[in-house]
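Next comes target.pdb, with PDB, C-alpha atoms.
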ATOM      1  CA  MET V   1     -10.145 -29.255  -2.772
ATOM      2  CA  LEU V   2      -8.717 -25.773  -3.361
ATOM      3  CA  LYS V   3     -12.073 -24.034  -3.809
ATOM      4  CA  GLY V   4     -11.505 -21.388  -1.106
ATOM      5  CA  ILE V   5      -8.178 -20.229  -2.531
ATOM      6  CA  TYR V   6     -10.025 -18.473  -5.345
ATOM      7  CA  SER V   7     -11.830 -16.056  -3.008
ATOM      8  CA  PRO V   8     -12.484 -12.772  -4.913
ATOM      9  CA  LEU V   9     -11.450 -10.477  -2.020
ATOM     10  CA  PRO V  10      -7.649 -10.737  -2.345
ATOM     11  CA  TRP V  11      -7.833 -10.521  -6.129
ATOM     12  CA  ALA V  12     -10.066  -7.428  -6.045
ATOM     13  CA  ALA V  13      -7.848  -5.717  -3.451
ATOM     14  CA  LEU V  14      -4.702  -6.619  -5.386
ATOM     15  CA  LEU V  15      -6.223  -5.244  -8.595
ATOM     16  CA  LEU V  16      -7.033  -1.955  -6.835
ATOM     17  CA  PHE V  17      -3.461  -1.690  -5.581
ATOM     18  CA  VAL V  18      -1.849  -2.534  -8.940
ATOM     19  CA  SER V  19      -4.140  -0.051 -10.693
ATOM     20  CA  SER V  20      -3.101   2.706  -8.304
ATOM     21  CA  CYS V  21       0.564   1.906  -8.964
ATOM     22  CA  LEU V  22       0.092   2.079 -12.730
ATOM     23  CA  LEU V  23      -1.934   5.290 -12.627
ATOM     24  CA  LEU V  24       0.399   7.067 -10.207
ATOM     25  CA  PRO V  25       3.970   5.985 -10.982
ATOM     26  CA  ILE V  26       6.412   6.755  -8.188
ATOM     27  CA  GLN V  27       9.761   8.406  -8.791
ATOM     28  CA  PRO V  28      12.241   6.629  -6.476
ATOM     29  CA  GLN V  29      14.069   8.953  -4.092
ATOM     30  CA  TRP V  30      15.739   6.893  -1.394
ATOM     31  CA  GLY V  31      15.506   3.384  -2.825
ATOM     32  CA  PRO V  32      14.234   1.210  -5.703
ATOM     33  CA  ALA V  33      10.598   1.555  -6.757
ATOM     34  CA  TYR V  34       9.518  -1.781  -5.276
ATOM     35  CA  LEU V  35      10.276  -0.430  -1.790
ATOM     36  CA  TYR V  36       7.463   2.047  -2.303
ATOM     37  CA  TRP V  37       5.130  -0.651  -3.610
ATOM     38  CA  ILE V  38       5.794  -2.698  -0.462
ATOM     39  CA  LEU V  39       5.062   0.348   1.691
ATOM     40  CA  LEU V  40       1.904   1.380  -0.148
ATOM     41  CA  ALA V  41       0.517  -2.164  -0.261
ATOM     42  CA  GLY V  42      -0.065  -1.571   3.454
ATOM     43  CA  PRO V  43      -2.704   1.181   3.385
ATOM     44  CA  VAL V  44      -4.228   0.191   0.028
ATOM     45  CA  LEU V  45      -4.326  -3.589   0.456
ATOM     46  CA  PHE V  46      -3.310  -5.097   3.785
ATOM     47  CA  VAL V  47      -4.680  -2.608   6.322
ATOM     48  CA  PRO V  48      -8.317  -2.693   5.128
ATOM     49  CA  TRP V  49      -8.086  -6.420   4.509
ATOM     50  CA  GLY V  50      -6.580  -7.172   7.921
ATOM     51  CA  LEU V  51      -8.960  -4.949   9.880
ATOM     52  CA  GLY V  52     -11.845  -6.510   7.987
ATOM     53  CA  LEU V  53     -10.698  -9.933   9.183
ATOM     54  CA  LEU V  54     -10.376  -8.650  12.751
ATOM     55  CA  THR V  55     -13.831  -7.076  12.887
ATOM     56  CA  GLU V  56     -15.864  -9.353  10.617
ATOM     57  CA  GLN V  57     -17.839 -10.648  13.604
ATOM     58  CA  TRP V  58     -19.384  -7.230  14.251
ATOM     59  CA  PRO V  59     -22.385  -5.469  12.639
ATOM     60  CA  THR V  60     -21.963  -3.847   9.225
ATOM     61  CA  GLN V  61     -22.138  -0.272  10.521
ATOM     62  CA  GLN V  62     -19.012  -0.866  12.595
ATOM     63  CA  LEU V  63     -17.116  -1.878   9.457
ATOM     64  CA  MET V  64     -17.720   1.264   7.396
ATOM     65  CA  ILE V  65     -14.301   2.690   8.255
ATOM     66  CA  THR V  66     -12.589  -0.429   6.869
ATOM     67  CA  ARG V  67     -14.561  -0.073   3.622
ATOM     68  CA  LEU V  68     -13.289   3.470   3.161
ATOM     69  CA  LEU V  69      -9.663   2.624   3.940
ATOM     70  CA  PRO V  70      -8.547   1.530   0.435
ATOM     71  CA  PHE V  71      -9.619   4.905  -0.950
ATOM     72  CA  THR V  72      -8.114   7.088   1.774
ATOM     73  CA  GLY V  73      -4.971   4.978   1.396
ATOM     74  CA  LEU V  74      -4.697   6.271  -2.163
ATOM     75  CA  THR V  75      -3.934   9.729  -0.734
ATOM     76  CA  LEU V  76      -0.707   8.241   0.605
ATOM     77  CA  VAL V  77       0.033   6.809  -2.845
ATOM     78  CA  ALA V  78      -0.412  10.315  -4.250
ATOM     79  CA  ALA V  79       1.859  11.734  -1.528
ATOM     80  CA  PHE V  80       4.686   9.448  -2.622
ATOM     81  CA  CYS V  81       4.299  10.558  -6.221
ATOM     82  CA  LEU V  82       5.341  14.086  -5.226
ATOM     83  CA  PRO V  83       8.615  15.487  -3.899
ATOM     84  CA  ALA V  84       8.853  15.715  -0.116
ATOM     85  CA  GLY V  85       7.310  18.958   1.120
ATOM     86  CA  TRP V  86       4.147  20.469   2.466
ATOM     87  CA  ILE V  87       1.880  19.239  -0.363
ATOM     88  CA  ALA V  88       3.062  15.629  -0.048
ATOM     89  CA  ALA V  89       2.907  15.908   3.752
ATOM     90  CA  SER V  90      -0.679  17.210   3.563
ATOM     91  CA  LEU V  91      -1.730  14.185   1.529
ATOM     92  CA  ALA V  92       0.115  11.834   3.883
ATOM     93  CA  GLY V  93      -1.548  13.675   6.753
ATOM     94  CA  LEU V  94      -4.970  12.594   5.476
ATOM     95  CA  TRP V  95      -3.909   8.973   5.872
ATOM     96  CA  LEU V  96      -2.476   9.768   9.313
ATOM     97  CA  LEU V  97      -5.815  11.292  10.353
ATOM     98  CA  THR V  98      -7.640   8.217   9.064
ATOM     99  CA  VAL V  99      -5.381   5.991  11.138
ATOM    100  CA  ALA V 100      -5.974   8.260  14.148
ATOM    101  CA  GLY V 101      -9.708   7.697  13.616
ATOM    102  CA  ILE V 102      -9.118   3.948  13.645
ATOM    103  CA  GLY V 103      -7.142   4.399  16.859
ATOM    104  CA  ILE V 104     -10.050   6.207  18.528
ATOM    105  CA  TRP V 105     -12.390   3.457  17.292
ATOM    106  CA  ALA V 106     -10.082   0.783  18.744
ATOM    107  CA  VAL V 107      -9.610   2.517  22.114
ATOM    108  CA  ARG V 108     -13.384   2.849  22.508
ATOM    109  CA  ARG V 109     -13.681  -0.910  21.942
ATOM    110  CA  PHE V 110     -10.552  -2.033  23.772
ATOM    111  CA  ARG V 111     -12.612  -4.415  25.920
ATOM    112  CA  GLU V 112     -13.836  -6.202  22.790
ATOM    113  CA  LEU V 113     -10.528  -6.283  20.935
ATOM    114  CA  PRO V 114      -7.845  -8.840  21.725
ATOM    115  CA  LEU V 115      -4.619  -7.261  23.013
ATOM    116  CA  ALA V 116      -2.807  -8.101  19.785
ATOM    117  CA  GLY V 117      -5.604  -6.434  17.782
ATOM    118  CA  LEU V 118      -5.216  -3.228  19.764
ATOM    119  CA  LEU V 119      -1.442  -3.408  19.294
ATOM    120  CA  ALA V 120      -1.943  -3.785  15.532
ATOM    121  CA  VAL V 121      -3.810  -0.467  15.445
ATOM    122  CA  LEU V 122      -1.180   1.255  17.602
ATOM    123  CA  PHE V 123       1.655  -0.019  15.382
ATOM    124  CA  LEU V 124      -0.291   1.196  12.356
ATOM    125  CA  GLY V 125      -0.274   4.662  13.903
ATOM    126  CA  VAL V 126       3.518   4.505  14.219
ATOM    127  CA  ALA V 127       3.798   3.439  10.562
ATOM    128  CA  ALA V 128       1.584   6.322   9.428
ATOM    129  CA  ALA V 129       3.596   8.811  11.500
ATOM    130  CA  TRP V 130       6.901   7.716   9.919
ATOM    131  CA  ALA V 131       5.351   7.834   6.441
ATOM    132  CA  PHE V 132       4.223  11.392   7.217
ATOM    133  CA  ALA V 133       7.757  12.262   8.388
ATOM    134  CA  ASP V 134       9.168  10.915   5.118
ATOM    135  CA  ARG V 135       6.777  13.023   3.024
ATOM    136  CA  TRP V 136       7.539  16.104   5.111
ATOM    137  CA  GLY V 137      11.259  15.533   4.617
ATOM    138  CA  TRP V 138      11.803  15.269   8.363
ATOM    139  CA  GLN V 139      14.497  12.958   9.750
ATOM    140  CA  PRO V 140      13.777  12.294  13.457
ATOM    141  CA  LEU V 141      16.909  11.893  15.617
ATOM    142  CA  GLY V 142      19.027  12.383  12.501
ATOM    143  CA  PHE V 143      18.068   9.045  10.929
ATOM    144  CA  ASP V 144      19.014   8.681   7.264
ATOM    145  CA  PRO V 145      16.051   9.292   4.875
ATOM    146  CA  LEU V 146      16.204   5.640   3.768
ATOM    147  CA  ILE V 147      15.866   4.510   7.410
ATOM    148  CA  VAL V 148      12.821   6.771   7.849
ATOM    149  CA  LEU V 149      11.222   5.109   4.809
ATOM    150  CA  LEU V 150      12.172   1.601   5.967
ATOM    151  CA  THR V 151      10.743   2.289   9.436
ATOM    152  CA  ALA V 152       7.390   3.201   7.888
ATOM    153  CA  ILE V 153       7.484  -0.064   5.922
ATOM    154  CA  HIS V 154       8.627  -2.085   8.944
ATOM    155  CA  PHE V 155       5.740  -1.026  11.177
ATOM    156  CA  HIS V 156       3.174  -1.963   8.522
ATOM    157  CA  TYR V 157       4.417  -5.566   8.544
ATOM    158  CA  ALA V 158       6.585  -6.475  11.556
ATOM    159  CA  GLY V 159       4.225  -4.225  13.545
ATOM    160  CA  PHE V 160       0.648  -4.095  12.250
ATOM    161  CA  ALA V 161       0.515  -7.332  10.225
ATOM    162  CA  LEU V 162       2.416  -9.460  12.764
ATOM    163  CA  ALA V 163       0.214  -8.249  15.636
ATOM    164  CA  LEU V 164      -2.906  -8.888  13.571
ATOM    165  CA  MET V 165      -1.618 -12.351  12.654
ATOM    166  CA  THR V 166      -1.317 -12.997  16.407
ATOM    167  CA  ALA V 167      -4.806 -11.654  17.117
ATOM    168  CA  LEU V 168      -6.325 -14.041  14.557
ATOM    169  CA  LEU V 169      -4.793 -17.127  16.191
ATOM    170  CA  PRO V 170      -7.098 -19.296  18.334
ATOM    171  CA  LYS V 171      -7.275 -18.016  21.902
ATOM    172  CA  SER V 172      -4.985 -19.854  24.309
ATOM    173  CA  SER V 173      -2.560 -19.075  27.123
ATOM    174  CA  LEU V 174       0.334 -19.209  24.635
ATOM    175  CA  GLN V 175      -1.426 -16.827  22.253
ATOM    176  CA  ALA V 176      -2.009 -14.416  25.145
ATOM    177  CA  ALA V 177       1.642 -14.659  26.200
ATOM    178  CA  LEU V 178       2.862 -13.997  22.657
ATOM    179  CA  SER V 179       0.550 -10.978  22.437
ATOM    180  CA  LYS V 180       2.125  -9.534  25.580
ATOM    181  CA  GLY V 181       5.542 -10.429  24.216
ATOM    182  CA  LEU V 182       4.919  -8.242  21.183
ATOM    183  CA  VAL V 183       4.741  -5.194  23.440
ATOM    184  CA  VAL V 184       8.232  -5.922  24.772
ATOM    185  CA  GLY V 185       9.624  -7.229  21.480
ATOM    186  CA  VAL V 186       8.568  -4.453  19.110
ATOM    187  CA  GLY V 187       9.178  -1.767  21.713
ATOM    188  CA  GLY V 188      12.582  -3.240  22.537
ATOM    189  CA  VAL V 189      13.680  -3.259  18.890
ATOM    190  CA  ALA V 190      12.656   0.393  18.544
ATOM    191  CA  VAL V 191      14.658   1.283  21.671
ATOM    192  CA  GLY V 192      17.649  -0.795  20.521
ATOM    193  CA  ILE V 193      17.808   0.777  17.060
ATOM    194  CA  THR V 194      17.425   4.258  18.543
ATOM    195  CA  SER V 195      20.204   3.483  21.036
ATOM    196  CA  THR V 196      22.502   2.409  18.196
ATOM    197  CA  GLN V 197      21.682   5.623  16.303
ATOM    198  CA  LEU V 198      22.634   7.646  19.398
ATOM    199  CA  GLN V 199      25.928   5.730  19.765
ATOM    200  CA  GLY V 200      24.598   3.549  22.579
ATOM    201  CA  PRO V 201      25.758  -0.010  23.372
ATOM    202  CA  ALA V 202      25.369  -2.465  20.476
ATOM    203  CA  TRP V 203      24.280  -5.310  22.765
ATOM    204  CA  LEU V 204      20.970  -3.550  23.431
ATOM    205  CA  GLU V 205      19.887  -3.843  19.782
ATOM    206  CA  VAL V 206      21.231  -7.417  19.545
ATOM    207  CA  ALA V 207      19.270  -8.503  22.640
ATOM    208  CA  ALA V 208      16.072  -6.768  21.475
ATOM    209  CA  VAL V 209      16.218  -8.266  17.990
ATOM    210  CA  THR V 210      16.896 -11.743  19.398
ATOM    211  CA  LEU V 211      13.896 -11.499  21.726
ATOM    212  CA  MET V 212      11.676 -10.224  18.909
ATOM    213  CA  VAL V 213      12.732 -13.071  16.619
ATOM    214  CA  LEU V 214      11.956 -15.677  19.291
ATOM    215  CA  ILE V 215       8.492 -14.168  19.812
ATOM    216  CA  GLY V 216       7.880 -14.111  16.058
ATOM    217  CA  TRP V 217       8.981 -17.720  15.714
ATOM    218  CA  GLY V 218       6.518 -18.609  18.457
ATOM    219  CA  ILE V 219       3.729 -16.948  16.460
ATOM    220  CA  ALA V 220       4.796 -18.783  13.295
ATOM    221  CA  ALA V 221       4.886 -22.115  15.166
ATOM    222  CA  LEU V 222       1.444 -21.537  16.675
ATOM    223  CA  GLN V 223      -0.084 -20.819  13.264
ATOM    224  CA  TRP V 224       1.675 -23.870  11.782
ATOM    225  CA  HIS V 225       0.251 -26.002  14.607
ATOM    226  CA  GLU V 226      -3.226 -24.524  14.105
ATOM    227  CA  ALA V 227      -3.137 -25.561  10.442
ATOM    228  CA  ARG V 228      -2.942 -29.219  11.495
ATOM    229  CA  ASN V 229      -6.652 -29.127  12.351
ATOM    230  CA  VAL V 230      -7.747 -27.183   9.239
ATOM    231  CA  ARG V 231      -9.855 -29.264   6.842
ATOM    232  CA  GLN V 232      -9.919 -26.777   3.943
ATOM    233  CA  VAL V 233      -6.804 -27.617   1.912
ATOM    234  CA  GLY V 234      -6.329 -24.126   0.438
ATOM    235  CA  ARG V 235      -6.535 -22.526   3.879
ATOM    236  CA  LYS V 236      -4.099 -25.076   5.342
ATOM    237  CA  ILE V 237      -1.526 -24.510   2.565
ATOM    238  CA  LEU V 238      -1.672 -20.717   2.808
ATOM    239  CA  LEU V 239      -1.433 -20.622   6.605
ATOM    240  CA  ARG V 240       1.580 -22.936   6.590
ATOM    241  CA  LEU V 241       3.302 -21.017   3.800
ATOM    242  CA  GLY V 242       2.671 -17.823   5.779
ATOM    243  CA  SER V 243       4.297 -19.390   8.843
ATOM    244  CA  LEU V 244       7.284 -20.509   6.769
ATOM    245  CA  ALA V 245       7.731 -17.049   5.233
ATOM    246  CA  LEU V 246       7.622 -15.468   8.697
ATOM    247  CA  PHE V 247      10.223 -17.919  10.019
ATOM    248  CA  CYS V 248      12.600 -17.222   7.106
ATOM    249  CA  GLY V 249      12.133 -13.458   7.286
ATOM    250  CA  LEU V 250      12.881 -13.456  11.008
ATOM    251  CA  LEU V 251      15.960 -15.611  10.482
ATOM    252  CA  LEU V 252      17.349 -12.876   8.229
ATOM    253  CA  ALA V 253      16.434 -10.263  10.840
ATOM    254  CA  LEU V 254      18.322 -12.267  13.480
ATOM    255  CA  LEU V 255      21.437 -12.493  11.306
ATOM    256  CA  TYR V 256      21.302  -8.761  10.587
ATOM    257  CA  GLY V 257      20.753  -7.969  14.261
ATOM    258  CA  TRP V 258      23.949  -9.866  15.124
ATOM    259  CA  ARG V 259      26.000  -7.940  12.553
ATOM    260  CA  PHE V 260      27.964  -6.310  15.385
ATOM    261  CA  ALA V 261      29.402  -9.677  16.393
ATOM    262  CA  HIS V 262      29.579 -11.420  13.008
ATOM    263  CA  GLN V 263      30.237  -9.692   9.701
ATOM    264  CA  TRP V 264      28.645 -11.107   6.552
ATOM    265  CA  SER V 265      29.565  -9.143   3.432
ATOM    266  CA  TRP V 266      26.331 -10.094   1.691
ATOM    267  CA  LEU V 267      24.098  -8.964   4.582
ATOM    268  CA  THR V 268      23.523  -5.331   3.600
ATOM    269  CA  ILE V 269      20.491  -3.072   3.959
ATOM    270  CA  PRO V 270      19.671  -3.298   0.200
ATOM    271  CA  TRP V 271      19.875  -7.095   0.413
ATOM    272  CA  MET V 272      17.659  -7.061   3.527
ATOM    273  CA  TYR V 273      14.868  -4.999   2.040
ATOM    274  CA  ALA V 274      14.980  -7.108  -1.118
ATOM    275  CA  THR V 275      14.566 -10.374   0.805
ATOM    276  CA  HIS V 276      13.339  -9.678   4.336
ATOM    277  CA  GLY V 277      10.936  -7.008   3.041
ATOM    278  CA  VAL V 278       9.424  -9.275   0.390
ATOM    279  CA  LEU V 279       9.117 -12.185   2.841
ATOM    280  CA  ASN V 280       7.212  -9.874   5.195
ATOM    281  CA  SER V 281       4.839  -8.385   2.624
ATOM    282  CA  VAL V 282       4.014 -10.883  -0.124
ATOM    283  CA  GLY V 283       5.241 -13.578   2.263
ATOM    284  CA  PHE V 284       3.631 -13.976   5.656
ATOM    285  CA  THR V 285       1.183 -11.044   5.403
ATOM    286  CA  LEU V 286      -0.406 -11.854   2.036
ATOM    287  CA  LEU V 287      -0.391 -15.615   2.609
ATOM    288  CA  THR V 288      -1.785 -15.418   6.149
ATOM    289  CA  PHE V 289      -4.514 -12.902   5.335
ATOM    290  CA  TRP V 290      -5.490 -14.908   2.271
ATOM    291  CA  GLY V 291      -5.611 -18.105   4.301
ATOM    292  CA  ARG V 292      -7.753 -16.428   6.940
ATOM    293  CA  SER V 293     -10.159 -15.236   4.249
ATOM    294  CA  ILE V 294     -10.948 -18.835   3.272
ATOM    295  CA  LYS V 295     -13.758 -20.219   5.397
ATOM    296  CA  GLU V 296     -13.929 -23.774   6.588
ATOM    297  CA  GLU V 297     -16.665 -25.815   4.891
TER     298      GLU V 297
END

Is it possible to express this structure as structure tokens?
Amino acid sequence: MLKGIYSPLPWAALLLFVSSCLLLPIQPQWGPAYLYWILLAGPVLFVPWGLGLLTEQWPTQQLMITRLLPFTGLTLVAAFCLPAGWIAASLAGLWLLTVAGIGIWAVRRFRELPLAGLLAVLFLGVAAAWAFADRWGWQPLGFDPLIVLLTAIHFHYAGFALALMTALLPKSSLQAALSKGLVVGVGGVAVGITSTQLQGPAWLEVAAVTLMVLIGWGIAALQWHEARNVRQVGRKILLRLGSLALFCGLLLALLYGWRFAHQWSWLTIPWMYATHGVLNSVGFTLLTFWGRSIKEE
């Protein structure tokens, strides 16, 4: 019954990532070590895996860039093993250039890609740019170094992975509407957080986060509903667990977004990246991608 859950792809990718972590231990600068593992799981594990799922219908020669991604992602791992500066930034720049290449590839095929798939690539570019800024030691708009790091992490999951999760849903009018909603939701959250940083009105961030959470819950509900018709038990379980993880992670994001109106002493940034961050990475991203990798019999 659970035959598909033992697919070798996620295990091989996870082994590659764990090996890179063991060979290149990271010295924490702005947060605990697991923050860096969550970040680097993106380029080494989830980005090549997710893009492979998105493009698996196309000829092999169009997939070569996704096969190279785990190895170019290791340059970003190396960048985070060094102090911020020009050497670390140069290594991070190699990953940024790789992502730019993916962007060119996606733009050239924008008629073939679903909107959410194109958004996933664009959000990946934002994530790579913030990772580069972190390795350069640059703090755009005066953001705290920890926020720069967390923004790079955020766009790998709440950006790239969430958009890709949407792109992999069955085509429908609701799926199309949610894809368009991601443009407003993710963009709105970025504007709201920037406004707060520049001493703007708090309601702007609250409204943007609330809208983004509602869109994300719609995506989670659509995947949960899709799983009703899945015959492969392993695929059904993983897709539903991925939906549940996304729902819980977004609930925490909603509570944190409303911190201006309601104060919860336990709802701190360290608590958020320990729970919300894990729910995003080994939660909905890993579970959803794994479920999508299992083929129906």

Can you turn the PyMOL selection byres ((chain V and resi 277-289) around 8) into a concrete residue list for this file, as a PyMOL selection string?
chain V and resi 38+46+49-50+53+157-158+161-162+165+238-239+241-246+248-249+272-276+290-293

Record the distance separating atom CA of V:Ala131 and atom CA of V:Ala88, expressed in Å with one decimal.
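Taking atom CA of V:Ala131 as the start and atom CA of V:Ala88 as the end point, the length is 10.4 Å.
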
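Taking all atoms listed in the file into account, V:Ile153 lies nearest to V:Ala128 out of the set V:Ala33, V:Val99, V:Ala128, V:Ala177.
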
Proximity to V:Met212 - best of V:Leu267, V:Val183, V:Ile193, V:Ala127, all atoms listed in the file
V:Val183

Expand the PyMOL selection byres ((chain V and resi 133) around 10) into the explicit residue set it covers here, and present it as a list in words.
Ala84, Gly85, Ala89, Ala92, Gly93, Ala127, Ala128, Ala129, Trp130, Ala131, Phe132, Asp134, Arg135, Trp136, Gly137, Trp138, Gln139, Pro140, Pro145, Val148, Leu149 and Ala152 of chain V

Those same residues, written as a PDB file, in the frame of the given file with C-alpha atoms?
ATOM      1  CA  ALA V  84       8.853  15.715  -0.116  1.00  0.00           C
ATOM      2  CA  GLY V  85       7.310  18.958   1.120  1.00  0.00           C
ATOM      3  CA  ALA V  89       2.907  15.908   3.752  1.00  0.00           C
ATOM      4  CA  ALA V  92       0.115  11.834   3.883  1.00  0.00           C
ATOM      5  CA  GLY V  93      -1.548  13.675   6.753  1.00  0.00           C
ATOM      6  CA  ALA V 127       3.798   3.439  10.562  1.00  0.00           C
ATOM      7  CA  ALA V 128       1.584   6.322   9.428  1.00  0.00           C
ATOM      8  CA  ALA V 129       3.596   8.811  11.500  1.00  0.00           C
ATOM      9  CA  TRP V 130       6.901   7.716   9.919  1.00  0.00           C
ATOM     10  CA  ALA V 131       5.351   7.834   6.441  1.00  0.00           C
ATOM     11  CA  PHE V 132       4.223  11.392   7.217  1.00  0.00           C
ATOM     12  CA  ASP V 134       9.168  10.915   5.118  1.00  0.00           C
ATOM     13  CA  ARG V 135       6.777  13.023   3.024  1.00  0.00           C
ATOM     14  CA  TRP V 136       7.539  16.104   5.111  1.00  0.00           C
ATOM     15  CA  GLY V 137      11.259  15.533   4.617  1.00  0.00           C
ATOM     16  CA  TRP V 138      11.803  15.269   8.363  1.00  0.00           C
ATOM     17  CA  GLN V 139      14.497  12.958   9.750  1.00  0.00           C
ATOM     18  CA  PRO V 140      13.777  12.294  13.457  1.00  0.00           C
ATOM     19  CA  PRO V 145      16.051   9.292   4.875  1.00  0.00           C
ATOM     20  CA  VAL V 148      12.821   6.771   7.849  1.00  0.00           C
ATOM     21  CA  LEU V 149      11.222   5.109   4.809  1.00  0.00           C
ATOM     22  CA  ALA V 152       7.390   3.201   7.888  1.00  0.00           C
TER      23      ALA V 152
END

Written as a VMD selection string, which residues does the PyMOL selection byres ((chain V and resi 224) around 10) give for the file shown?
chain V and resid 218 to 223 225 to 229 236 to 237 239 to 244

Report the distance between atom CA of V:Ala41 and atom CA of V:Val191 in Å, rounded to one decimal place.
26.3 Å

Residue with smallest distance to V:Leu35 - pool V:Ser90, V:Thr151, V:Thr268, V:Thr166, counting all atoms listed in the file
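Counting all atoms listed in the file, the residue closest to V:Leu35 is V:Thr151.
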
Could I get the residues of stretch 129-150 of chain V with an atom no further than 9 Å from an atom of stretch 197-211 of chain V, each paired with its nearest atom pair and that distance in Å to one decimal, using only C-alpha atoms, sorted by chain and residue number, as CSV?
residue,atom,partner,partner_atom,distance
V:Leu141,CA,V:Gln197,CA,7.9
V:Gly142,CA,V:Gln197,CA,8.2
V:Phe143,CA,V:Gln197,CA,7.3

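Of the residues listed (V:Gln263, V:Pro114, V:Val47, V:Val184), V:Pro114 shows the shortest atom-to-atom separation from V:Ser172; distances use all atoms listed in the file.
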
Between atom CA of V:Leu150 and atom CA of V:Leu39, what is the distance, to one decimal in Å?
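Going from atom CA of V:Leu150 over to atom CA of V:Leu39, I get 8.4 Å.
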
Counting only C-alpha atoms, note down every residue that has an atom within 7 Å of the point (7.4, -10.8, 18.6) (file coordinates), as a compact mmCIF listing (two decimals) with C-alpha atoms, in the frame of the given file.
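Listing of point-v6.txt after writing:
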# COMPACT_ATOMS: atom_id res chain seq x y z
CA LEU V 178 2.86 -14.00 22.66
CA GLY V 181 5.54 -10.43 24.22
CA LEU V 182 4.92 -8.24 21.18
CA GLY V 185 9.62 -7.23 21.48
CA VAL V 186 8.57 -4.45 19.11
CA MET V 212 11.68 -10.22 18.91
CA VAL V 213 12.73 -13.07 16.62
CA LEU V 214 11.96 -15.68 19.29
CA ILE V 215 8.49 -14.17 19.81
CA GLY V 216 7.88 -14.11 16.06
